[in-house]
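Coordinates from model-v6.txt are shown below (compact mmCIF, C-alpha atoms).
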# COMPACT_ATOMS: atom_id res chain seq x y z
CA MET A 12 86.13 106.82 117.40
CA PRO A 13 86.82 110.45 116.43
CA ALA A 14 83.93 112.54 117.71
CA THR A 15 83.17 114.03 114.29
CA LEU A 16 82.74 110.72 112.48
CA PRO A 17 79.39 108.90 112.60
CA ARG A 18 79.07 105.14 112.56
CA ARG A 19 80.07 103.45 109.25
CA SER A 20 80.84 106.84 107.73
CA ILE A 21 84.32 105.96 106.43
CA ALA A 22 84.40 103.27 103.73
CA ILE A 23 87.69 101.39 103.70
CA VAL A 24 87.99 99.43 100.47
CA LEU A 25 90.56 96.65 100.26
CA GLY A 26 91.04 93.29 98.60
CA THR A 27 94.38 91.75 99.60
CA ARG A 28 96.13 90.55 102.73
CA PRO A 29 98.81 93.31 102.69
CA GLU A 30 96.04 95.92 102.71
CA LEU A 31 94.43 94.22 105.71
CA VAL A 32 97.74 94.39 107.57
CA LYS A 33 98.52 98.01 106.71
CA LEU A 34 95.03 99.33 107.46
CA THR A 35 94.48 97.43 110.72
CA ASP A 36 95.54 100.24 113.04
CA LEU A 37 93.55 102.82 111.08
CA VAL A 38 90.44 100.63 111.34
CA ARG A 39 90.98 100.28 115.09
CA LEU A 40 91.40 104.02 115.57
CA LEU A 41 88.25 104.74 113.57
CA GLY A 42 86.28 102.19 115.56
CA PRO A 43 82.57 102.08 114.63
CA ALA A 44 83.13 104.83 112.03
CA ALA A 45 84.95 102.31 109.82
CA HIS A 46 83.00 100.36 107.21
CA LEU A 47 85.33 97.66 105.91
CA ILE A 48 84.60 96.50 102.35
CA HIS A 49 86.50 93.47 100.99
CA THR A 50 86.41 93.09 97.21
CA GLY A 51 87.57 89.47 97.40
CA GLN A 52 90.62 90.05 95.19
CA HIS A 53 92.60 87.70 97.48
CA TYR A 54 89.78 86.30 99.54
CA ASP A 55 89.77 82.75 100.84
CA GLU A 56 88.92 81.47 104.28
CA ASP A 57 92.32 79.90 105.01
CA LEU A 58 94.28 83.03 104.13
CA SER A 59 92.23 86.24 104.21
CA GLY A 60 89.73 84.81 106.71
CA ARG A 61 92.55 83.89 109.07
CA PHE A 62 94.11 87.33 108.68
CA LEU A 63 90.84 89.04 109.62
CA THR A 64 90.61 86.93 112.75
CA GLU A 65 94.28 87.27 113.67
CA LEU A 66 94.29 91.04 113.22
CA GLY A 67 91.06 91.46 115.18
CA LEU A 68 89.25 93.23 112.36
CA PRO A 69 85.47 93.49 112.03
CA GLU A 70 83.69 91.29 109.52
CA PRO A 71 83.77 93.16 106.20
CA THR A 72 81.04 93.71 103.65
CA PRO A 73 82.10 91.23 100.94
CA LEU A 74 81.85 91.72 97.18
CA THR A 75 81.39 88.77 94.82
CA GLY A 76 82.76 87.63 91.48
CA VAL A 77 86.12 89.40 91.81
CA GLY A 78 88.72 86.87 93.00
CA GLY A 79 90.58 84.88 90.38
CA LYS A 80 89.40 87.03 87.48
CA PRO A 81 91.53 89.02 84.99
CA ARG A 82 92.52 92.53 86.05
CA ALA A 83 89.90 94.37 83.97
CA VAL A 84 87.12 92.08 85.21
CA GLN A 85 88.22 92.48 88.84
CA ILE A 86 88.14 96.26 88.57
CA SER A 87 84.83 96.43 86.70
CA ALA A 88 83.05 93.88 88.91
CA ALA A 89 84.20 95.62 92.08
CA LEU A 90 83.39 99.06 90.67
CA GLU A 91 79.80 98.12 89.88
CA GLN A 92 79.16 96.71 93.35
CA LEU A 93 80.90 99.59 95.10
CA ASP A 94 78.77 102.07 93.20
CA GLU A 95 75.66 100.29 94.44
CA LEU A 96 76.97 100.31 98.01
CA PHE A 97 77.92 103.99 97.91
CA THR A 98 74.50 104.84 96.48
CA ALA A 99 72.63 102.92 99.17
CA GLU A 100 74.88 104.06 102.04
CA PRO A 101 76.95 107.13 101.01
CA PRO A 102 80.12 107.42 103.12
CA LEU A 103 81.65 110.73 104.16
CA ALA A 104 84.98 109.54 102.77
CA VAL A 105 86.57 106.54 101.09
CA VAL A 106 90.00 105.18 102.03
CA VAL A 107 92.14 103.02 99.75
CA GLN A 108 95.68 101.82 100.33
CA GLY A 109 98.49 101.14 97.90
CA ASP A 110 98.15 100.00 94.32
CA THR A 111 95.85 96.98 94.07
CA ASN A 112 92.95 96.46 91.69
CA ALA A 113 90.70 96.80 94.75
CA ALA A 114 92.23 100.19 95.55
CA LEU A 115 91.70 101.44 92.00
CA ALA A 116 88.09 100.25 91.98
CA GLY A 117 87.48 102.01 95.30
CA ALA A 118 89.08 105.19 94.01
CA LEU A 119 87.02 105.25 90.82
CA ALA A 120 83.81 104.50 92.69
CA ALA A 121 84.45 107.36 95.12
CA ASN A 122 85.35 109.73 92.29
CA ALA A 123 82.21 108.83 90.32
CA ARG A 124 80.00 109.67 93.30
CA GLY A 125 81.91 112.80 94.35
CA ILE A 126 82.98 111.27 97.66
CA PRO A 127 86.27 112.53 99.16
CA LEU A 128 89.03 109.98 98.57
CA VAL A 129 92.03 109.37 100.82
CA HIS A 130 94.94 107.44 99.31
CA VAL A 131 97.15 105.81 101.93
CA GLU A 132 100.70 105.20 100.65
CA ALA A 133 100.47 107.74 97.83
CA GLY A 134 103.40 108.69 95.62
CA LEU A 135 105.20 105.36 95.30
CA ARG A 136 106.76 105.02 91.86
CA SER A 137 108.80 102.23 90.25
CA HIS A 138 108.81 103.96 86.84
CA ASP A 139 108.25 100.48 85.41
CA ARG A 140 105.29 100.48 83.02
CA ASN A 141 105.34 96.67 82.89
CA MET A 142 103.89 96.65 86.44
CA PRO A 143 100.08 96.83 86.55
CA GLU A 144 100.48 98.24 90.07
CA GLU A 145 102.34 101.26 88.69
CA HIS A 146 99.37 102.18 86.51
CA ASN A 147 96.99 101.64 89.43
CA ARG A 148 98.89 103.88 91.83
CA VAL A 149 99.31 106.69 89.30
CA LEU A 150 95.60 106.67 88.48
CA ILE A 151 94.58 106.61 92.16
CA ASP A 152 96.85 109.56 92.96
CA ARG A 153 95.26 111.56 90.15
CA VAL A 154 91.74 111.30 91.60
CA ALA A 155 92.56 111.31 95.34
CA ASP A 156 91.61 114.34 97.40
CA VAL A 157 94.08 113.60 100.19
CA LEU A 158 97.42 112.00 99.30
CA CYS A 159 99.02 110.35 102.33
CA ALA A 160 102.65 110.10 101.26
CA ALA A 161 104.75 107.80 103.40
CA THR A 162 108.04 109.65 102.81
CA GLU A 163 109.38 112.95 101.52
CA ASP A 164 110.57 111.08 98.41
CA ASN A 165 106.96 110.00 97.77
CA ARG A 166 105.85 113.62 98.18
CA ALA A 167 108.52 114.73 95.69
CA ASN A 168 107.22 112.18 93.16
CA LEU A 169 103.73 113.64 93.43
CA LEU A 170 104.91 117.23 93.09
CA ALA A 171 107.01 116.28 90.04
CA GLU A 172 103.81 115.03 88.40
CA GLY A 173 102.09 118.37 88.98
CA LEU A 174 99.85 117.34 91.88
CA GLU A 175 99.00 120.16 94.26
CA ASP A 176 101.04 120.42 97.45
CA ALA A 177 97.84 121.22 99.38
CA ARG A 178 96.53 117.70 98.66
CA ILE A 179 99.67 116.00 100.04
CA ALA A 180 100.40 115.07 103.65
CA VAL A 181 103.58 113.20 104.65
CA THR A 182 102.21 110.78 107.23
CA GLY A 183 104.77 107.99 107.40
CA ASN A 184 103.86 104.43 106.42
CA THR A 185 101.29 102.49 108.44
CA VAL A 186 103.49 99.39 108.10
CA VAL A 187 105.65 100.65 110.99
CA GLU A 188 102.86 100.43 113.56
CA ALA A 189 101.56 97.23 111.97
CA VAL A 190 104.90 95.50 112.51
CA ARG A 191 105.37 96.85 116.02
CA ASN A 192 101.87 95.87 117.12
CA GLN A 193 101.76 92.44 115.47
CA LEU A 194 105.29 91.24 116.31
CA PRO A 195 105.03 88.56 119.04
CA SER A 196 106.92 89.00 122.31
CA SER A 197 110.49 87.78 122.63
CA ALA A 198 109.31 84.77 124.66
CA GLU A 199 106.70 83.88 122.03
CA ARG A 200 109.28 84.23 119.27
CA ALA A 201 111.74 81.99 121.11
CA ALA A 202 109.04 79.34 121.52
CA LEU A 203 108.16 79.55 117.84
CA LEU A 204 111.76 79.11 116.75
CA ASP A 205 112.17 76.20 119.13
CA ALA A 206 109.02 74.51 117.79
CA ARG A 207 110.39 74.77 114.24
CA GLY A 208 113.89 73.68 115.19
CA LEU A 209 115.39 77.01 114.18
CA THR A 210 118.19 79.04 115.74
CA ALA A 211 118.05 82.83 115.88
CA ASP A 212 120.22 84.39 113.13
CA GLY A 213 120.84 80.89 111.77
CA TYR A 214 118.44 80.57 108.83
CA VAL A 215 117.26 82.28 105.64
CA LEU A 216 113.58 83.16 105.13
CA ALA A 217 112.33 83.45 101.54
CA THR A 218 109.06 84.20 99.75
CA VAL A 219 108.19 84.13 96.05
CA HIS A 220 104.82 85.20 94.70
CA ARG A 221 105.04 87.94 92.04
CA PRO A 222 103.85 86.92 88.55
CA GLU A 223 107.07 88.22 86.96
CA ASN A 224 108.84 85.43 88.87
CA THR A 225 106.24 82.70 89.23
CA ASP A 226 104.80 82.85 85.70
CA ASP A 227 108.23 82.69 84.04
CA PRO A 228 109.58 79.11 84.37
CA ALA A 229 113.15 80.27 83.71
CA ALA A 230 112.97 82.90 86.45
CA LEU A 231 111.32 80.48 88.85
CA ARG A 232 113.99 77.85 88.18
CA ALA A 233 116.75 80.41 88.74
CA ILE A 234 115.28 81.60 92.04
CA LEU A 235 114.74 78.10 93.45
CA THR A 236 118.21 77.02 92.33
CA GLU A 237 119.83 79.97 94.07
CA LEU A 238 117.81 79.45 97.25
CA ALA A 239 118.78 75.78 97.34
CA ALA A 240 122.45 76.74 96.98
CA LEU A 241 122.19 78.86 100.14
CA VAL A 242 121.26 75.83 102.24
CA ALA A 243 124.04 74.67 104.57
CA ASP A 244 124.17 72.07 107.35
CA ASP A 245 123.72 74.80 109.94
CA ARG A 246 121.64 77.18 107.81
CA PRO A 247 118.26 76.01 106.48
CA VAL A 248 116.31 78.08 103.96
CA LEU A 249 112.68 78.40 104.99
CA LEU A 250 110.17 78.90 102.15
CA PRO A 251 106.50 79.49 103.08
CA LEU A 252 104.83 78.54 99.81
CA HIS A 253 101.62 80.10 98.55
CA PRO A 254 99.33 77.62 96.75
CA ARG A 255 99.58 79.62 93.53
CA THR A 256 103.38 79.51 93.59
CA ARG A 257 103.34 75.78 94.35
CA ALA A 258 101.03 75.22 91.37
CA ARG A 259 103.39 77.15 89.09
CA ILE A 260 106.35 75.12 90.35
CA GLU A 261 104.57 71.85 89.66
CA ALA A 262 103.33 72.99 86.24
CA ALA A 263 106.90 73.93 85.27
CA GLY A 264 108.27 70.56 86.46
CA LEU A 265 110.45 72.21 89.11
CA ALA A 266 109.21 70.39 92.23
CA ALA A 267 112.52 68.56 92.67
CA LEU A 268 114.21 71.93 93.33
CA LEU A 269 112.20 72.23 96.55
CA ALA A 270 113.88 69.19 98.13
CA PRO A 271 116.78 71.05 99.84
CA LEU A 272 114.46 73.77 101.13
CA THR A 273 112.33 73.76 104.28
CA VAL A 274 108.93 74.30 102.69
CA THR A 275 105.97 75.35 104.86
CA ALA A 276 102.36 76.35 104.32
CA PRO A 277 101.60 80.10 104.18
CA LEU A 278 102.13 81.79 107.54
CA GLY A 279 99.96 84.13 109.56
CA TYR A 280 101.26 87.68 109.75
CA SER A 281 102.50 87.55 113.35
CA GLU A 282 104.26 84.25 112.79
CA PHE A 283 105.90 85.55 109.63
CA LEU A 284 107.13 88.66 111.46
CA ALA A 285 108.54 86.50 114.26
CA LEU A 286 110.50 84.39 111.78
CA ALA A 287 111.62 87.44 109.81
CA ARG A 288 112.82 89.16 112.98
CA HIS A 289 115.39 86.43 113.65
CA ALA A 290 116.36 85.45 110.09
CA ALA A 291 119.99 85.98 109.13
CA LEU A 292 118.70 87.07 105.74
CA LEU A 293 115.42 87.62 103.89
CA VAL A 294 115.03 86.88 100.17
CA SER A 295 111.76 88.00 98.62
CA ASP A 296 109.93 89.66 95.73
CA SER A 297 107.38 91.23 98.11
CA GLY A 298 106.82 94.95 98.30
CA GLY A 299 105.71 94.85 101.92
CA ILE A 300 108.79 92.96 103.11
CA GLN A 301 110.93 95.79 101.73
CA GLU A 302 109.27 97.99 104.34
CA GLU A 303 108.99 95.43 107.14
CA CYS A 304 112.70 94.59 107.04
CA THR A 305 113.52 98.20 107.95
CA VAL A 306 111.38 97.98 111.10
CA LEU A 307 112.77 94.54 112.02
CA GLY A 308 116.39 95.53 111.26
CA ARG A 309 117.07 92.61 108.92
CA PRO A 310 118.86 92.47 105.53
CA LEU A 311 116.85 91.70 102.41
CA VAL A 312 117.64 90.61 98.86
CA VAL A 313 114.81 91.83 96.61
CA VAL A 314 114.27 89.64 93.52
CA ARG A 315 112.50 91.95 91.09
CA ARG A 316 112.98 94.03 87.96
CA SER A 317 112.26 97.27 89.77
CA THR A 318 111.19 98.70 93.10
CA GLU A 319 108.90 101.50 94.19
CA ARG A 320 110.57 101.62 97.61
CA PRO A 321 114.08 103.02 97.02
CA GLU A 322 114.22 104.20 100.63
CA ALA A 323 114.86 100.60 101.74
CA MET A 324 117.74 100.16 99.29
CA THR A 325 120.07 102.59 101.04
CA ASP A 326 120.92 100.28 103.94
CA PHE A 327 118.53 97.40 104.38
CA ALA A 328 117.96 95.88 100.94
CA GLU A 329 119.35 95.44 97.46
CA LEU A 330 117.63 94.76 94.17
CA VAL A 331 118.72 91.83 91.98
CA ALA A 332 117.38 89.93 88.97
CA PRO A 333 116.64 86.19 89.10
CA GLY A 334 119.89 84.26 88.67
CA PRO A 335 123.40 84.23 90.14
CA ALA A 336 123.02 87.78 91.45
CA ILE A 337 120.72 86.39 94.16
CA GLY A 338 123.42 84.13 95.58
CA ALA A 339 126.11 86.79 95.28
CA ALA A 340 124.07 89.39 97.16
CA ALA A 341 122.92 86.85 99.75
CA ARG A 342 126.42 85.62 100.54
CA ARG A 343 127.69 89.18 100.76
CA ARG A 344 125.04 90.02 103.33
CA LEU A 345 125.47 86.78 105.26
CA ALA A 346 129.22 87.41 105.45
CA GLU A 347 128.55 90.60 107.43
CA GLY A 348 127.47 88.34 110.30
CA PRO A 349 126.44 89.66 113.74
CA GLU A 350 128.09 93.02 113.09
CA GLY A 351 125.94 93.59 110.03
CA LEU A 352 122.78 92.66 111.89
CA ALA A 353 123.69 94.96 114.76
CA ARG A 354 124.29 97.84 112.34
CA LEU A 355 120.84 97.46 110.78
CA ALA A 356 119.13 97.04 114.15
CA ALA A 357 120.49 100.43 115.22
CA LEU A 358 119.09 102.27 112.19
CA PRO A 359 115.66 103.93 112.18
CA SER A 360 113.16 102.86 109.55
CA PRO A 361 112.94 105.34 106.67
CA PHE A 362 109.17 104.75 106.63
CA GLY A 363 108.28 106.76 109.72
CA ASP A 364 107.74 106.80 113.46
CA GLY A 365 104.71 104.55 113.89
CA LEU A 366 102.14 107.36 114.08
CA ALA A 367 100.93 107.28 110.47
CA SER A 368 97.51 105.81 111.31
CA GLU A 369 96.90 108.54 113.90
CA ARG A 370 97.78 111.25 111.37
CA ILE A 371 95.49 109.70 108.74
CA THR A 372 92.64 109.46 111.27
CA ALA A 373 93.02 113.18 111.97
CA LEU A 374 92.95 113.94 108.24
CA LEU A 375 89.75 111.92 107.89
CA ALA A 376 88.15 113.85 110.76
CA GLY A 377 88.97 117.05 108.87
CA ILE A 378 87.27 115.80 105.71
CA ALA A 379 83.97 115.22 107.55
CA THR A 380 82.92 118.87 107.38
CA PRO A 381 79.87 120.17 109.26
CA VAL A 382 78.09 120.65 105.93
CA ARG A 383 78.58 117.00 104.96
CA LEU A 384 77.60 115.82 108.42
CA ALA A 385 74.42 117.89 108.31
CA ALA A 386 73.57 116.32 104.96
Would you encode the structure as structure tokens?
Amino acid sequence: MPATLPRRSIAIVLGTRPELVKLTDLVRLLGPAAHLIHTGQHYDEDLSGRFLTELGLPEPTPLTGVGGKPRAVQISAALEQLDELFTAEPPLAVVVQGDTNAALAGALAANARGIPLVHVEAGLRSHDRNMPEEHNRVLIDRVADVLCAATEDNRANLLAEGLEDARIAVTGNTVVEAVRNQLPSSAERAALLDARGLTADGYVLATVHRPENTDDPAALRAILTELAALVADDRPVLLPLHPRTRARIEAAGLAALLAPLTVTAPLGYSEFLALARHAALLVSDSGGIQEECTVLGRPLVVVRRSTERPEAMTDFAELVAPGPAIGAAARRRLAEGPEGLARLAALPSPFGDGLASERITALLAGIATPVRLAA
């Protein structure tokens, strides 16, 4: 624990599994100074509970009445409870990560109480106003006192919006250390592949969860159809299926399209990384996988309208809409074969050197001024 930070003095507000993953190393570095607060935006025992255990995180202070509610209700319910918590136990600083409803609620609660706010992964922009996350991240950046930009491009976005350079620190993205620390050993990965009957570089790994894809039956049909078409005798397509996505598939009458695919239950983070590390290709609408693929050195087809991570698009990934463009991009990448995989493996991640959490910890120590500590 940094010497200047008392116990439970840094409130870390989160609500989703990606936030748990990306803040794990920061929580570890802070030690007893960290007070983890889980809004319950994505909370369930099988998924979030397992992630807490797997990542070795302390039991969080839970909020209630947030999960499964509309966006405005999630934010307002979390905001009310966070205000009560921050009144009863004022932290020296509040940390939020990314662009979730939980992050926005944490930011607003800190701002309302005059508590210094640190935004991890500041400055991402898709310039797509149809994305609720875009509104969240812009609002958080406006009220944050310290803006931890992952890349110089993120910093440039913030400066272009008139935010002060003095508030911005380019730290790298905490996903780099998360992937490096959570990726199983080569022997463990080999055993995992063997248990699933998979061959390294011989399968496709896909995920689908974003509402723009799952809530549109036409888009969902197009994605599943294209994934099924990628299946070959020697190349299965593995699809870990979130319960929400499965429900949307069944409601749309598309369950038959799953037959050619190798469907599994949701995976733990380490197991997912192990499978991603040896996939010939990744196909996903996830934001986090756009970053993780650059650390793992794997190609990715991103199925979305827009992306807030253009850094990944230079070498590792390409953006396509649901439909035939998925298959075209996938086959182009698969055709690059071992040479293409070797090329990506030799490239550094554009998201940093794996020291982001250490830099953010140092910034937090600087926020805890002697005056605030004396108070």
Contacts of region 267-269 of chain A within 10 Å, only C-alpha atoms, excl. fewer than 4 positions in-chain, as a ChimeraX atom specification: /A:232-239,250,257,260-261,273-274
Among the residues A:Pro271, A:Thr50, A:Glu322, A:Glu303, the one that comes closest to Val187 (chain A) [using only C-alpha atoms]: A:Glu303
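Using all atoms listed in the file, the contacts of Thr111 (chain A) at a cut-off of 10 Å, with sequence neighbours closer than 3 positions omitted, comprise Leu25, Gly26, Thr27, Pro29, Glu30, Gln52, Arg82, Ile86, Val107, Gln108, Ala114, Leu115, Ala116, Gly117, Pro143, Glu144, Glu145, His146, Asn147, Arg148 and Ile151 of chain A.
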Among listed residues A:Gly363, A:Pro277, A:Pro222, A:Pro349, nearest Thr305 (chain A) (using all atoms listed in the file):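 For Thr305 (chain A), the nearest of the given residues is A:Gly363.
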Minimum-distance residue to Pro73 (chain A), chosen among A:Asn112, A:Ala376, A:Pro101, A:Val24 (using all atoms listed in the file): A:Val24
Within 7 Å of region 281-298 of chain A using all atoms listed in the file, minus same-chain residues under 4 positions, as a VMD selection string: chain A and resid 193 to 195 200 211 to 221 307 309 to 315 345
Coordinates-based distance that separates CA of Glu369 (chain A) from CA of Gly183 (chain A) (Å, one decimal): 10.2 Å
Exercise: residues within 9 Å of coordinate (97.3, 109.4, 107.0), counting only C-alpha atoms, as JSON, numbers by chain: {"A": [37, 129, 130, 131, 132, 157, 158, 159, 160, 161, 180, 181, 182, 183, 184, 185, 366, 367, 368, 369, 370, 371, 372, 373, 374, 375]}
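Reported to one decimal place, the separation of CA of Ala167 (chain A) from CA of Ala155 (chain A) is 16.3 Å.
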Atom pair CA of Arg28 (chain A) / CA of Ala45 (chain A): separation (Å):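 CA of Arg28 (chain A) sits 17.7 Å away from CA of Ala45 (chain A).
Proximity to Lys80 (chain A) at 12 Å, evaluated using all atoms listed in the file and with sequence-adjacent residues fewer than 2 positions away removed, yields Thr50, Gly51, Gln52, His53, Thr75, Gly76, Val77, Gly78, Arg82, Ala83, Val84, Gln85, Ile86, Ser87, Ala88, Ala89 and Asn112 of chain A.
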Around all of region 332-342 of chain A's listed atoms, make the axis-aligned box with 5 Å on each side and tell me centre and edge lengths in Å to one decimal, as lines of an AutoDock Vina configuration file.
center_x = 121.5
center_y = 87.0
center_z = 94.6
size_x = 19.8
size_y = 15.8
size_z = 21.9
If we count all atoms listed in the file, what is near Ile126 (chain A) at a cut-off of 7 Å, once residues fewer than 5 positions away on the same chain are taken out, given as an mmCIF file with C-alpha atoms, in the coordinates of the input?
data_model
loop_
_atom_site.group_PDB
_atom_site.id
_atom_site.type_symbol
_atom_site.label_atom_id
_atom_site.label_comp_id
_atom_site.auth_asym_id
_atom_site.auth_seq_id
_atom_site.Cartn_x
_atom_site.Cartn_y
_atom_site.Cartn_z
ATOM 1 C CA LEU A 103 81.650 110.730 104.160
ATOM 2 C CA ALA A 104 84.980 109.540 102.770
ATOM 3 C CA VAL A 105 86.570 106.540 101.090
ATOM 4 C CA ALA A 121 84.450 107.360 95.120
#
Best match for closeness to Ala240 (chain A) among A:Pro335, A:Thr318, A:Glu199, A:Glu188, counting only C-alpha atoms: A:Pro335
From A:His49, A:Arg246, A:Arg316, A:Arg39, residue lying nearest Leu68 (chain A) [only C-alpha atoms]: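 Closest to Leu68 (chain A), using only C-alpha atoms: A:Arg39.
Distance check against Phe97 (chain A) using only C-alpha atoms: of A:Asp110, A:Leu249, A:Gly134, A:Ala22, the minimum falls on A:Ala22.
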